[in-house]
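Inspection log for the structure reproduced underneath, given as structure tokens.
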Amino acid sequence: MKKLIILTFCALMMVPAIAQETTSSGNSAPNFRFGIKVTPNVSWFRPVDKKVLEGNGGKVKMGFGLITEFKLSQNYSFATGIEFPNFSGGNLKFIADSVSYTTEENDTFYISSRSFNMQYVEIPLTLKLKTNEIGYLTYFGQVGAQLGVRTKATSKDEGVLHGSSTNTEIKDVDINKEVFLLKTALTVGAGAEYNFSGNTSLVFGLNYMYGITNALKKKSDSLKNVDGSTFEQKANLDQVVLTVGVLF
């Protein structure tokens, strides 16, 4: 994964060297723009079967990444890039009190709730629609898809151990096999660019990402029902993401 990130970064750095700038009269904006960003976000789960799982609050996380824009016309651009790492998560409550798994100490743990901490490498694929510059500001809307690959997932679980009635908390549980490898979301947002020098602009944006794929592995590798059958889980991950960055 580290090699993939390094290769992607190098590829993105090479694009400005081969991108040509527009030379038409009255329009000196480059065909290619490059930048960096930070992405504080709020994420939460949207369970499909609320008889099995229930949303139990969200998580405030942070990510960062690179921005690339390819101009299609005066007011339209294809905006992409890479975000790594992009942290997200959420909390889920288990409706049945008989869902369990075996701990590292070979104890049976009956789980009541799980707090997810997930890490992804993500690539946005969006169409950016911009106004003409008004003063020093350019306003834009954005729509498209967000694709992600899970790189790490841990959780903090609450429940009780077999034979005990005392509520127990287990931290840093490795749940990589419980979280689906790929993530897909539809994204829509809006924002503004403040131009303060030549083609350099400060960018602010707010996006809502609607998860369209199951963020969890449907048939759990570790969670079992009371009859010993595999626990089935399905919940999509939604996010509201604030973007603050600089475009060159």
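To be explicit about the labels: the chains of the structure tokens are called A, B, and onward in the order shown, and within each one the residues are counted from 1, while ligands get numbers from 1 in the order they are shown.
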* Asked: If you count only C-alpha atoms, which residues fall within 7 Å of Ser43 of chain A, apart from same-chain ones fewer than 2 positions away, as a PyMOL selection string?
  -> chain A and resi 41+58-60+88-90+237-240
Include N, CA and C atoms and write out the residues we just selected as a PDB file, in the first residue's frame.
```pdb
ATOM      1  N   ASN A  41     -14.115  15.645   8.912  1.00  0.00           N
ATOM      2  CA  ASN A  41     -15.400  15.081   8.503  1.00  0.00           C
ATOM      3  C   ASN A  41     -16.147  14.467   9.671  1.00  0.00           C
ATOM      4  N   GLY A  58     -22.164   9.163  15.555  1.00  0.00           N
ATOM      5  CA  GLY A  58     -21.125   9.280  14.545  1.00  0.00           C
ATOM      6  C   GLY A  58     -19.757   9.550  15.139  1.00  0.00           C
ATOM      7  N   LYS A  59     -18.801   9.796  14.251  1.00  0.00           N
ATOM      8  CA  LYS A  59     -17.420  10.069  14.635  1.00  0.00           C
ATOM      9  C   LYS A  59     -16.926  11.308  13.897  1.00  0.00           C
ATOM     10  N   VAL A  60     -16.148  12.131  14.585  1.00  0.00           N
ATOM     11  CA  VAL A  60     -15.471  13.267  13.961  1.00  0.00           C
ATOM     12  C   VAL A  60     -14.037  12.840  13.678  1.00  0.00           C
ATOM     13  N   SER A  88     -12.433   7.613   9.059  1.00  0.00           N
ATOM     14  CA  SER A  88     -13.882   7.706   9.227  1.00  0.00           C
ATOM     15  C   SER A  88     -14.310   6.657  10.231  1.00  0.00           C
ATOM     16  N   GLY A  89     -15.594   6.626  10.522  1.00  0.00           N
ATOM     17  CA  GLY A  89     -16.093   5.639  11.474  1.00  0.00           C
ATOM     18  C   GLY A  89     -17.519   5.929  11.879  1.00  0.00           C
ATOM     19  N   GLY A  90     -17.949   5.259  12.916  1.00  0.00           N
ATOM     20  CA  GLY A  90     -19.311   5.407  13.403  1.00  0.00           C
ATOM     21  C   GLY A  90     -19.571   4.373  14.486  1.00  0.00           C
ATOM     22  N   LEU A 237     -22.090   3.715   4.915  1.00  0.00           N
ATOM     23  CA  LEU A 237     -21.394   4.775   5.632  1.00  0.00           C
ATOM     24  C   LEU A 237     -21.641   6.113   4.948  1.00  0.00           C
ATOM     25  N   ASP A 238     -22.208   7.071   5.680  1.00  0.00           N
ATOM     26  CA  ASP A 238     -22.436   8.424   5.165  1.00  0.00           C
ATOM     27  C   ASP A 238     -21.458   9.392   5.822  1.00  0.00           C
ATOM     28  N   GLN A 239     -21.151  10.490   5.116  1.00  0.00           N
ATOM     29  CA  GLN A 239     -20.205  11.478   5.643  1.00  0.00           C
ATOM     30  C   GLN A 239     -20.594  12.884   5.217  1.00  0.00           C
ATOM     31  N   VAL A 240     -20.276  13.839   6.074  1.00  0.00           N
ATOM     32  CA  VAL A 240     -20.262  15.254   5.706  1.00  0.00           C
ATOM     33  C   VAL A 240     -18.817  15.705   5.843  1.00  0.00           C
TER      34      VAL A 240
END
```
* To do: Excluding Gln146 of chain A and residues on its chain fewer than 3 positions from it, collect all residues at most 6 Å away from it, counting only C-alpha atoms, and give them as a ChimeraX atom specification.
  => /A:123-124,184-185
Limited to N, CA and C atoms, could you put the picked residues into a file as a compact mmCIF listing (two decimals), in the first residue's frame?
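The resulting part_22.txt:
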```
# COMPACT_ATOMS: atom_id res chain seq x y z
N ILE A 123 -10.29 8.05 -3.74
CA ILE A 123 -10.14 8.83 -4.97
C ILE A 123 -11.50 9.41 -5.34
N PRO A 124 -11.64 10.74 -5.35
CA PRO A 124 -12.88 11.36 -5.81
C PRO A 124 -12.87 11.48 -7.33
N THR A 184 -17.88 2.77 -1.86
CA THR A 184 -18.34 3.66 -2.92
C THR A 184 -19.43 4.57 -2.38
N ALA A 185 -19.35 5.85 -2.74
CA ALA A 185 -20.34 6.82 -2.29
C ALA A 185 -20.63 7.82 -3.39
```
* Neighbours of Thr126 of chain A within 7 Å (only C-alpha atoms; same-chain residues fewer than 3 positions away dropped), as a list in words? ->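 Skipping anything fewer than 3 positions along the chain leaves Phe78, Ala79, Thr80, Gln142, Val143, Gly144 and Ala145 of chain A.
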* Asked: Which parts of segment 5-246 of chain A does DSSP call strand (DSSP E or B) when run on the backbone here, written out as a ChimeraX atom specification?
  -> /A:21,30,32-38,41-47,53-61,63-73,76-94,100-102,108-130,134,137-161,168-174,179,182-197,200-211,216,219-224,230-232,235-246
Please report as CSV every residue of segment 100-122 of chain A lying within 12 Å of segment 201-220 of chain A, along with the nearest atom pair and their distance in Å (one decimal), using only C-alpha atoms.
```
residue,atom,partner,partner_atom,distance
A:Ser100,CA,A:Ser220,CA,11.0
A:Tyr101,CA,A:Ser220,CA,10.1
A:Phe116,CA,A:Leu216,CA,10.6
A:Met118,CA,A:Ala215,CA,10.1
A:Gln119,CA,A:Ala215,CA,12.0
A:Tyr120,CA,A:Ala215,CA,11.4
```
Those same residues, written as a CSV table (one decimal), in the first residue's frame with C-alpha atoms?
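Below is the file that was written, again20.csv:
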```csv
chain,number,residue,atom,x,y,z
A,100,SER,CA,-21.1,-13.0,20.3
A,101,TYR,CA,-17.5,-13.7,19.3
A,116,PHE,CA,-15.6,1.7,14.4
A,118,MET,CA,-11.6,3.0,9.8
A,119,GLN,CA,-8.9,4.2,7.5
A,120,TYR,CA,-9.2,4.4,3.7
```
* **One-decimal distance in Å that lies between atom CA of Leu92 of chain A and atom CA of Gly57 of chain A** =>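 Taking atom CA of Gly57 of chain A and atom CA of Leu92 of chain A, their separation equals 7.5 Å.
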* Asked: For Glu133 of chain A, which residue among A:Val38, A:Leu181, A:Ala192, A:Val99 is the nearest when counting only C-alpha atoms?
  -> A:Ala192
* Asked: Which polymer residues have any atom within 12 Å of an atom of Phe196 of chain A, counting only C-alpha atoms, with same-chain residues fewer than 5 positions away left out, as a list of chain:residue names?
  -> A:Gly135, A:Tyr136, A:Leu137, A:Thr138, A:Ser201, A:Leu202, A:Val203, A:Val246, A:Leu247, A:Phe248
Using C-alpha atoms, can you write the selected residues to a file as a compact mmCIF listing (two decimals), in the first residue's frame?
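Contents of result_27.txt, as written:
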```
# COMPACT_ATOMS: atom_id res chain seq x y z
CA GLY A 135 -14.51 40.01 -7.09
CA TYR A 136 -11.85 37.64 -5.79
CA LEU A 137 -14.29 34.74 -5.35
CA THR A 138 -15.33 31.91 -7.65
CA SER A 201 -6.50 30.16 -4.66
CA LEU A 202 -7.69 29.21 -1.20
CA VAL A 203 -10.48 26.60 -1.47
CA VAL A 246 -4.86 25.55 -1.67
CA LEU A 247 -4.94 25.26 -5.48
CA PHE A 248 -2.04 26.39 -7.66
```
* Neighbour list for Pro40 of chain A as a list in words, cut-off 10 Å, only C-alpha atoms, skip fewer than 5 positions in-chain ->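 Returned residues: Val60, Lys61, Met62, Gly63, Phe64, Asn86, Phe87, Ser88, Val240, Val241, Leu242, Thr243 and Val244 of chain A.
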* Residues flagged alpha helix (DSSP H) by DSSP in segment 12-241 of chain A, as a ChimeraX atom specification -> /A:12-18
* Option closest in space to Lys171 of chain A, from A:Ser222, A:Thr187, A:Ser115, A:Ser77 [counting only C-alpha atoms] -> A:Ser115
* Which is closer to Phe34 of chain A than all the others in A:Ala153, A:Gly159, A:Thr200, A:Thr131, using only C-alpha atoms? -> A:Thr200
